[in-house]
$ cat query.tsv   # TSV, C-alpha atoms
chain	number	residue	atom	x	y	z
A	1	MET	CA	0.00	0.00	0.00
A	2	THR	CA	1.10	3.56	-0.70
A	3	SER	CA	1.84	5.41	2.53
A	4	LEU	CA	-0.28	8.51	3.13
A	5	SER	CA	0.86	9.06	6.69
A	6	GLY	CA	-0.01	12.55	7.91
A	7	LYS	CA	-2.18	13.44	4.92
A	8	VAL	CA	-5.72	14.78	5.23
A	9	VAL	CA	-8.00	14.03	2.29
A	10	VAL	CA	-11.51	15.29	1.49
A	11	VAL	CA	-13.58	12.71	-0.43
A	12	THR	CA	-16.99	13.70	-1.78
A	13	GLY	CA	-19.74	11.15	-2.37
A	14	ALA	CA	-18.16	8.96	0.31
A	15	ALA	CA	-21.34	7.51	1.81
A	16	ARG	CA	-21.37	4.42	-0.37
A	17	GLY	CA	-19.95	2.66	-3.43
A	18	GLN	CA	-16.79	3.98	-4.99
A	19	GLY	CA	-16.43	6.92	-2.60
A	20	ALA	CA	-16.72	4.71	0.48
A	21	ALA	CA	-14.16	2.30	-0.97
A	22	GLU	CA	-11.80	5.20	-1.66
A	23	ALA	CA	-12.17	6.47	1.90
A	24	ARG	CA	-11.42	3.02	3.34
A	25	LEU	CA	-8.33	2.56	1.16
A	26	LEU	CA	-7.00	6.01	2.01
A	27	VAL	CA	-7.37	5.35	5.73
A	28	ALA	CA	-5.74	1.93	5.27
A	29	SER	CA	-2.79	3.87	3.86
A	30	ASP	CA	-2.68	6.00	7.05
A	31	ALA	CA	-4.52	9.08	5.77
A	32	ARG	CA	-7.27	10.89	7.64
A	33	VAL	CA	-10.38	11.36	5.54
A	34	VAL	CA	-13.19	13.90	5.59
A	35	CYS	CA	-16.15	12.04	4.08
A	36	THR	CA	-18.85	14.23	2.54
A	37	ASP	CA	-22.23	13.32	1.08
A	38	VAL	CA	-25.91	14.27	1.09
A	39	ARG	CA	-26.69	10.76	2.38
A	40	GLU	CA	-26.23	11.53	6.06
A	41	GLU	CA	-27.01	8.18	7.69
A	42	GLU	CA	-24.80	6.17	5.34
A	43	GLY	CA	-22.03	8.79	5.44
A	44	ARG	CA	-21.92	8.82	9.23
A	45	ALA	CA	-21.73	5.02	9.22
A	46	VAL	CA	-18.71	5.04	6.91
A	47	ALA	CA	-16.95	7.70	9.01
A	48	ALA	CA	-17.69	5.75	12.21
A	49	GLU	CA	-16.16	2.66	10.62
A	50	LEU	CA	-12.97	4.66	10.02
A	51	GLY	CA	-12.67	5.65	13.67
A	52	ASP	CA	-10.59	8.69	14.59
A	53	ALA	CA	-9.27	8.82	11.02
A	54	GLY	CA	-12.72	9.58	9.61
A	55	LEU	CA	-14.98	12.63	9.83
A	56	PHE	CA	-18.38	13.04	8.15
A	57	VAL	CA	-19.75	16.36	6.92
A	58	ARG	CA	-23.16	16.54	5.27
A	59	HIS	CA	-22.48	18.34	2.03
A	60	ASP	CA	-24.20	19.35	-1.19
A	61	VAL	CA	-21.36	19.77	-3.70
A	62	THR	CA	-23.34	22.37	-5.67
A	63	SER	CA	-23.26	24.78	-2.70
A	64	ALA	CA	-20.30	27.16	-2.43
A	65	GLU	CA	-21.15	27.77	1.23
A	66	GLY	CA	-21.21	24.03	1.81
A	67	TRP	CA	-17.72	23.74	0.37
A	68	ARG	CA	-16.43	26.48	2.69
A	69	GLU	CA	-17.86	24.57	5.65
A	70	VAL	CA	-16.19	21.32	4.55
A	71	VAL	CA	-12.76	22.95	4.34
A	72	ALA	CA	-13.25	24.76	7.66
A	73	ARG	CA	-14.30	21.52	9.40
A	74	ALA	CA	-11.33	19.65	7.93
A	75	VAL	CA	-8.84	22.27	9.12
A	76	ALA	CA	-10.48	22.58	12.54
A	77	SER	CA	-10.43	18.80	13.04
A	78	TYR	CA	-7.12	17.83	11.50
A	79	GLY	CA	-5.12	21.06	11.16
A	80	HIS	CA	-4.71	21.14	7.39
A	81	VAL	CA	-5.85	19.68	4.05
A	82	ASP	CA	-3.54	17.87	1.63
A	83	ALA	CA	-5.85	16.49	-1.03
A	84	LEU	CA	-9.32	16.55	-2.53
A	85	VAL	CA	-11.05	13.70	-4.35
A	86	ASN	CA	-13.99	15.01	-6.38
A	87	ASN	CA	-15.88	11.73	-6.49
A	88	ALA	CA	-19.55	12.72	-6.03
A	89	ALA	CA	-21.62	12.32	-9.19
A	90	GLN	CA	-25.04	11.64	-10.64
A	91	TRP	CA	-25.46	9.11	-13.48
A	92	ARG	CA	-28.61	9.11	-15.58
A	93	THR	CA	-29.00	8.11	-19.21
A	94	ALA	CA	-31.34	9.07	-22.05
A	95	PRO	CA	-31.08	9.49	-25.83
A	96	VAL	CA	-30.28	13.09	-26.66
A	97	GLU	CA	-33.70	13.71	-28.24
A	98	ALA	CA	-35.40	12.52	-25.05
A	99	GLU	CA	-33.10	14.32	-22.60
A	100	THR	CA	-34.65	17.01	-20.45
A	101	TYR	CA	-33.43	20.48	-19.56
A	102	GLU	CA	-33.83	19.70	-15.85
A	103	ASN	CA	-31.76	16.50	-15.97
A	104	PHE	CA	-29.05	18.05	-18.15
A	105	GLU	CA	-28.72	20.97	-15.74
A	106	LEU	CA	-28.67	18.68	-12.69
A	107	LEU	CA	-25.83	16.56	-14.06
A	108	LEU	CA	-23.81	19.63	-14.98
A	109	ARG	CA	-24.32	21.10	-11.51
A	110	VAL	CA	-23.35	17.96	-9.60
A	111	ASN	CA	-20.70	16.51	-11.92
A	112	LEU	CA	-18.99	19.69	-13.12
A	113	LEU	CA	-19.98	22.74	-11.06
A	114	GLY	CA	-19.42	20.74	-7.86
A	115	PRO	CA	-15.77	19.90	-8.62
A	116	PHE	CA	-15.16	23.49	-9.79
A	117	LEU	CA	-16.46	24.84	-6.48
A	118	GLY	CA	-14.39	22.24	-4.63
A	119	ILE	CA	-11.17	23.20	-6.39
A	120	GLN	CA	-11.78	26.87	-5.61
A	121	ALA	CA	-12.59	26.14	-1.96
A	122	VAL	CA	-9.70	23.80	-1.22
A	123	ALA	CA	-6.93	25.56	-3.19
A	124	PRO	CA	-6.12	28.12	-0.45
A	125	ALA	CA	-5.80	25.33	2.15
A	126	LEU	CA	-3.55	23.32	-0.17
A	127	ARG	CA	-1.38	26.39	-0.76
A	128	GLU	CA	-1.15	26.89	3.00
A	129	ALA	CA	-0.03	23.26	3.34
A	130	GLY	CA	2.72	23.81	0.76
A	131	GLY	CA	0.99	22.00	-2.09
A	132	GLY	CA	-1.20	18.98	-2.57
A	133	SER	CA	-3.25	16.83	-4.90
A	134	ILE	CA	-6.69	17.11	-6.47
A	135	VAL	CA	-8.18	14.06	-8.16
A	136	ASN	CA	-11.27	14.51	-10.32
A	137	VAL	CA	-13.22	11.31	-10.94
A	138	SER	CA	-14.48	11.57	-14.50
A	139	SER	CA	-15.50	8.55	-16.61
A	140	THR	CA	-14.83	6.78	-19.87
A	141	ALA	CA	-17.88	8.80	-20.94
A	142	GLY	CA	-15.55	11.78	-20.65
A	143	LEU	CA	-13.16	10.21	-23.17
A	144	VAL	CA	-15.43	8.73	-25.85
A	145	GLY	CA	-19.00	9.17	-26.99
A	146	ILE	CA	-21.50	6.68	-25.57
A	147	PRO	CA	-25.12	6.36	-26.73
A	148	GLY	CA	-27.59	7.75	-24.23
A	149	HIS	CA	-24.97	9.83	-22.44
A	150	ALA	CA	-25.45	13.35	-23.86
A	151	ALA	CA	-25.93	14.90	-20.40
A	152	TYR	CA	-23.60	12.67	-18.40
A	153	GLY	CA	-20.92	12.63	-21.08
A	154	SER	CA	-21.02	16.41	-21.42
A	155	SER	CA	-20.46	16.81	-17.69
A	156	LYS	CA	-17.58	14.34	-17.67
A	157	PHE	CA	-15.90	15.78	-20.79
A	158	GLY	CA	-16.20	19.15	-19.06
A	159	LEU	CA	-14.53	17.76	-15.94
A	160	ARG	CA	-11.67	16.55	-18.10
A	161	GLY	CA	-11.17	20.10	-19.41
A	162	LEU	CA	-11.46	21.59	-15.92
A	163	THR	CA	-8.74	19.19	-14.78
A	164	ARG	CA	-6.29	20.21	-17.47
A	165	SER	CA	-6.80	23.94	-17.05
A	166	SER	CA	-6.67	23.75	-13.25
A	167	ALA	CA	-3.46	21.72	-13.40
A	168	LEU	CA	-1.79	24.57	-15.30
A	169	ASP	CA	-3.23	27.30	-13.06
A	170	LEU	CA	-2.25	25.62	-9.79
A	171	ALA	CA	1.12	24.07	-10.68
A	172	ARG	CA	2.97	27.18	-9.45
A	173	TYR	CA	1.71	26.40	-5.94
A	174	GLY	CA	2.76	22.75	-6.00
A	175	ILE	CA	-0.86	21.66	-6.40
A	176	ARG	CA	-1.32	18.73	-8.79
A	177	VAL	CA	-4.62	18.05	-10.57
A	178	ASN	CA	-5.34	14.78	-12.36
A	179	SER	CA	-8.40	12.93	-13.62
A	180	VAL	CA	-9.41	9.29	-13.29
A	181	HIS	CA	-11.75	7.73	-15.87
A	182	PRO	CA	-13.45	4.55	-14.64
A	183	GLY	CA	-15.44	2.34	-16.97
A	184	ALA	CA	-18.27	0.19	-15.63
A	185	VAL	CA	-17.64	-0.31	-11.91
A	186	ASP	CA	-19.81	-2.47	-9.67
A	187	THR	CA	-21.36	0.03	-7.23
A	188	PRO	CA	-24.88	0.93	-6.03
A	189	MET	CA	-25.04	3.53	-8.83
A	190	THR	CA	-24.75	0.77	-11.45
A	191	ALA	CA	-26.83	-1.82	-9.56
A	192	ALA	CA	-29.50	-1.92	-12.27
A	193	VAL	CA	-26.88	-2.83	-14.88
A	194	VAL	CA	-25.57	-5.62	-12.67
A	195	ALA	CA	-29.09	-6.91	-11.97
A	196	ALA	CA	-29.81	-7.05	-15.71
A	197	GLY	CA	-27.00	-9.60	-16.09
A	198	ARG	CA	-25.23	-7.70	-18.85
A	199	ASP	CA	-22.60	-9.54	-20.91
A	200	TRP	CA	-19.12	-8.04	-20.41
A	201	SER	CA	-17.39	-9.88	-23.25
A	202	HIS	CA	-16.86	-6.55	-25.05
A	203	VAL	CA	-14.47	-5.52	-22.26
A	204	PRO	CA	-10.97	-6.94	-22.91
A	205	LEU	CA	-10.65	-8.07	-19.28
A	206	GLY	CA	-14.14	-9.57	-19.50
A	207	ARG	CA	-15.73	-8.09	-16.38
A	208	MET	CA	-16.85	-4.99	-14.50
A	209	GLY	CA	-14.35	-3.18	-12.33
A	210	ARG	CA	-14.32	-3.13	-8.53
A	211	ALA	CA	-14.47	0.08	-6.53
A	212	GLU	CA	-11.20	-0.83	-4.81
A	213	GLU	CA	-9.43	-0.93	-8.16
A	214	VAL	CA	-10.32	2.71	-8.72
A	215	GLY	CA	-9.47	3.57	-5.12
A	216	GLY	CA	-5.97	2.14	-5.40
A	217	LEU	CA	-5.16	4.47	-8.29
A	218	ILE	CA	-6.59	7.43	-6.41
A	219	ALA	CA	-4.43	6.60	-3.38
A	220	PHE	CA	-1.37	6.69	-5.66
A	221	LEU	CA	-2.37	10.06	-7.11
A	222	VAL	CA	-2.90	11.50	-3.63
A	223	SER	CA	0.47	10.22	-2.47
A	224	ASP	CA	3.92	11.72	-2.92
A	225	ALA	CA	4.75	8.78	-5.19
A	226	SER	CA	2.98	10.72	-7.96
A	227	SER	CA	4.69	14.03	-7.16
A	228	TYR	CA	5.66	14.69	-10.82
A	229	VAL	CA	2.26	13.82	-12.26
A	230	THR	CA	-0.22	16.57	-13.07
A	231	GLY	CA	-2.74	17.29	-15.83
A	232	ALA	CA	-2.84	13.58	-16.63
A	233	GLU	CA	-5.75	11.25	-17.42
A	234	PHE	CA	-5.92	7.69	-16.13
A	235	THR	CA	-8.37	5.09	-17.42
A	236	VAL	CA	-9.59	2.24	-15.20
A	237	ASP	CA	-11.80	0.40	-17.66
A	238	GLY	CA	-10.45	-3.08	-18.27
A	239	GLY	CA	-9.09	-1.97	-21.65
A	240	LEU	CA	-12.48	-0.88	-22.99
A	241	THR	CA	-11.29	2.39	-24.58
A	242	THR	CA	-7.96	1.00	-25.80
A	243	GLY	CA	-9.18	0.06	-29.28

$ encode --input "query.tsv" --output "structure tokens"
Amino acid sequence: MTSLSGKVVVVTGAARGQGAAEARLLVASDARVVCTDVREEEGRAVAAELGDAGLFVRHDVTSAEGWREVVARAVASYGHVDALVNNAAQWRTAPVEAETYENFELLLRVNLLGPFLGIQAVAPALREAGGGSIVNVSSTAGLVGIPGHAAYGSSKFGLRGLTRSSALDLARYGIRVNSVHPGAVDTPMTAAVVAAGRDWSHVPLGRMGRAEEVGGLIAFLVSDASSYVTGAEFTVDGGLTTG
């Protein structure tokens, strides 16, 4: 495991699925984690499981004031912030001609505006700490076009662009910004796909991913082992977008 001893990491969408797995892996690597989510009961349960290394803050990522509270709570509890994992997201699909204004706007607000507000809120704390790492969890839908993903794909392509621009803006402060692009990962968000018994033979590795496989990469990007990596894009998709 990559050592994250002494590091304080904010993880959004940490109440379940991929975010919860990321929080557990980060703590297993000796980090302290501020878990945020709108799902209060589940989020508090994850933080309780992490013991003194975990703190839960109820948090709507589309609220600038909410972001200021998260950073303030992190600093008050642990003294500083070293990293942010923008993991929270909404996933809904529809053909472009059937997509609605309301759903398109919602996905942009959660999946793109949320990370933007997070970067703005946490950057001063990272500068104060002498630098740090921001990991934006995008998707393979942010790398290639996928049918039925006009809204979701737009938000994730946008997050990819936000990552690259932010990496250039913040490099002078020793703040690194990278994006991770998971393919189909077995989490509560994709439970309907799993229940449908979909065939995964089109994936070179022949299966869905596990949340821990994404979390391991994120732990590396948070750690000092990736200290010369910024503005980069990492796929975790079993080879799906290779061809």

$ closest_atom_pairs --input "query.tsv" --of "segment 94-125 of chain A" --to "segment 145-158 of chain A" --cutoff "6 Å" --atoms "only C-alpha atoms" --output "Markdown table"
| residue | atom | partner | partner_atom | distance |
| --- | --- | --- | --- | --- |
| A:Ala94 | CA | A:Gly148 | CA | 4.5 |
| A:Pro95 | CA | A:Gly148 | CA | 4.2 |
| A:Val96 | CA | A:Ala150 | CA | 5.6 |
| A:Phe104 | CA | A:Ala151 | CA | 5.0 |
| A:Leu108 | CA | A:Ser155 | CA | 5.1 |
| A:Asn111 | CA | A:Ser155 | CA | 5.8 |
| A:Leu112 | CA | A:Ser155 | CA | 5.6 |

$ atom_distance --input "query.tsv" --atom1 "atom CA of Gly209 of chain A" --atom2 "atom CA of Thr12 of chain A"
20.1 Å

$ atom_distance --input "query.tsv" --atom1 "atom CA of Gly130 of chain A" --atom2 "atom CA of Gln18 of chain A"
28.4 Å

$ atom_distance --input "query.tsv" --atom1 "atom CA of Glu233 of chain A" --atom2 "atom CA of Pro115 of chain A"
15.9 Å

$ closest_atom_pairs --input "query.tsv" --of "segment 76-135 of chain A" --to "segment 47-67 of chain A" --cutoff "7 Å" --atoms "all atoms listed in the file" --output "JSON lines"
{"residue": "A:Arg109", "atom": "CA", "partner": "A:Thr62", "partner_atom": "CA", "distance": 6.1}
{"residue": "A:Val110", "atom": "CA", "partner": "A:Thr62", "partner_atom": "CA", "distance": 5.9}
{"residue": "A:Leu113", "atom": "CA", "partner": "A:Thr62", "partner_atom": "CA", "distance": 6.4}
{"residue": "A:Gly114", "atom": "CA", "partner": "A:Val61", "partner_atom": "CA", "distance": 4.7}
{"residue": "A:Leu117", "atom": "CA", "partner": "A:Ala64", "partner_atom": "CA", "distance": 6.0}
{"residue": "A:Gly118", "atom": "CA", "partner": "A:Trp67", "partner_atom": "CA", "distance": 6.2}
{"residue": "A:Ala121", "atom": "CA", "partner": "A:Trp67", "partner_atom": "CA", "distance": 6.1}

$ write_last_selection --input "query.tsv" --atoms "C-alpha atoms" --output "compact mmCIF listing (two decimals), in the frame of the given file"
# COMPACT_ATOMS: atom_id res chain seq x y z
CA ARG A 109 -24.32 21.10 -11.51
CA VAL A 110 -23.35 17.96 -9.60
CA LEU A 113 -19.98 22.74 -11.06
CA GLY A 114 -19.42 20.74 -7.86
CA LEU A 117 -16.46 24.84 -6.48
CA GLY A 118 -14.39 22.24 -4.63
CA ALA A 121 -12.59 26.14 -1.96

$ residues_around --input "query.tsv" --residues "Val81 of chain A" --least-positions-apart "2" --cutoff "9 Å" --atoms "all atoms listed in the file" --output "VMD selection string"
chain A and resid 7 to 10 71 74 to 75 78 to 79 83 to 84 122 125 to 126 128 to 129 132

$ closest_residue --input "query.tsv" --among "A:Leu143, A:Ala98, A:Val214, A:Ala123" --to "Leu170 of chain A" --atoms "only C-alpha atoms"
A:Ala123

$ axis_aligned_box --input "query.tsv" --around "segment 109-112 of chain A" --padding-each-side "3 Å" --output "lines of an AutoDock Vina configuration file"
center_x = -21.7
center_y = 18.8
center_z = -11.4
size_x = 11.3
size_y = 10.6
size_z = 9.5

$ decode --input "query.tsv" --residues "segment 131-220 of chain A" --atoms "C-alpha atoms" --output "short mmCIF file (atom, residue, chain, number, x, y, z; two decimals), in the first residue's frame"
data_model
loop_
_atom_site.label_atom_id
_atom_site.label_comp_id
_atom_site.auth_asym_id
_atom_site.auth_seq_id
_atom_site.Cartn_x
_atom_site.Cartn_y
_atom_site.Cartn_z
CA GLY A 131 0.99 22.00 -2.09
CA GLY A 132 -1.20 18.98 -2.57
CA SER A 133 -3.25 16.83 -4.90
CA ILE A 134 -6.69 17.11 -6.47
CA VAL A 135 -8.18 14.06 -8.16
CA ASN A 136 -11.27 14.51 -10.32
CA VAL A 137 -13.22 11.31 -10.94
CA SER A 138 -14.48 11.57 -14.50
CA SER A 139 -15.50 8.55 -16.61
CA THR A 140 -14.83 6.78 -19.87
CA ALA A 141 -17.88 8.80 -20.94
CA GLY A 142 -15.55 11.78 -20.65
CA LEU A 143 -13.16 10.21 -23.17
CA VAL A 144 -15.43 8.73 -25.85
CA GLY A 145 -19.00 9.17 -26.99
CA ILE A 146 -21.50 6.68 -25.57
CA PRO A 147 -25.12 6.36 -26.73
CA GLY A 148 -27.59 7.75 -24.23
CA HIS A 149 -24.97 9.83 -22.44
CA ALA A 150 -25.45 13.35 -23.86
CA ALA A 151 -25.93 14.90 -20.40
CA TYR A 152 -23.60 12.67 -18.40
CA GLY A 153 -20.92 12.63 -21.08
CA SER A 154 -21.02 16.41 -21.42
CA SER A 155 -20.46 16.81 -17.69
CA LYS A 156 -17.58 14.34 -17.67
CA PHE A 157 -15.90 15.78 -20.79
CA GLY A 158 -16.20 19.15 -19.06
CA LEU A 159 -14.53 17.76 -15.94
CA ARG A 160 -11.67 16.55 -18.10
CA GLY A 161 -11.17 20.10 -19.41
CA LEU A 162 -11.46 21.59 -15.92
CA THR A 163 -8.74 19.19 -14.78
CA ARG A 164 -6.29 20.21 -17.47
CA SER A 165 -6.80 23.94 -17.05
CA SER A 166 -6.67 23.75 -13.25
CA ALA A 167 -3.46 21.72 -13.40
CA LEU A 168 -1.79 24.57 -15.30
CA ASP A 169 -3.23 27.30 -13.06
CA LEU A 170 -2.25 25.62 -9.79
CA ALA A 171 1.12 24.07 -10.68
CA ARG A 172 2.97 27.18 -9.45
CA TYR A 173 1.71 26.40 -5.94
CA GLY A 174 2.76 22.75 -6.00
CA ILE A 175 -0.86 21.66 -6.40
CA ARG A 176 -1.32 18.73 -8.79
CA VAL A 177 -4.62 18.05 -10.57
CA ASN A 178 -5.34 14.78 -12.36
CA SER A 179 -8.40 12.93 -13.62
CA VAL A 180 -9.41 9.29 -13.29
CA HIS A 181 -11.75 7.73 -15.87
CA PRO A 182 -13.45 4.55 -14.64
CA GLY A 183 -15.44 2.34 -16.97
CA ALA A 184 -18.27 0.19 -15.63
CA VAL A 185 -17.64 -0.31 -11.91
CA ASP A 186 -19.81 -2.47 -9.67
CA THR A 187 -21.36 0.03 -7.23
CA PRO A 188 -24.88 0.93 -6.03
CA MET A 189 -25.04 3.53 -8.83
CA THR A 190 -24.75 0.77 -11.45
CA ALA A 191 -26.83 -1.82 -9.56
CA ALA A 192 -29.50 -1.92 -12.27
CA VAL A 193 -26.88 -2.83 -14.88
CA VAL A 194 -25.57 -5.62 -12.67
CA ALA A 195 -29.09 -6.91 -11.97
CA ALA A 196 -29.81 -7.05 -15.71
CA GLY A 197 -27.00 -9.60 -16.09
CA ARG A 198 -25.23 -7.70 -18.85
CA ASP A 199 -22.60 -9.54 -20.91
CA TRP A 200 -19.12 -8.04 -20.41
CA SER A 201 -17.39 -9.88 -23.25
CA HIS A 202 -16.86 -6.55 -25.05
CA VAL A 203 -14.47 -5.52 -22.26
CA PRO A 204 -10.97 -6.94 -22.91
CA LEU A 205 -10.65 -8.07 -19.28
CA GLY A 206 -14.14 -9.57 -19.50
CA ARG A 207 -15.73 -8.09 -16.38
CA MET A 208 -16.85 -4.99 -14.50
CA GLY A 209 -14.35 -3.18 -12.33
CA ARG A 210 -14.32 -3.13 -8.53
CA ALA A 211 -14.47 0.08 -6.53
CA GLU A 212 -11.20 -0.83 -4.81
CA GLU A 213 -9.43 -0.93 -8.16
CA VAL A 214 -10.32 2.71 -8.72
CA GLY A 215 -9.47 3.57 -5.12
CA GLY A 216 -5.97 2.14 -5.40
CA LEU A 217 -5.16 4.47 -8.29
CA ILE A 218 -6.59 7.43 -6.41
CA ALA A 219 -4.43 6.60 -3.38
CA PHE A 220 -1.37 6.69 -5.66
#
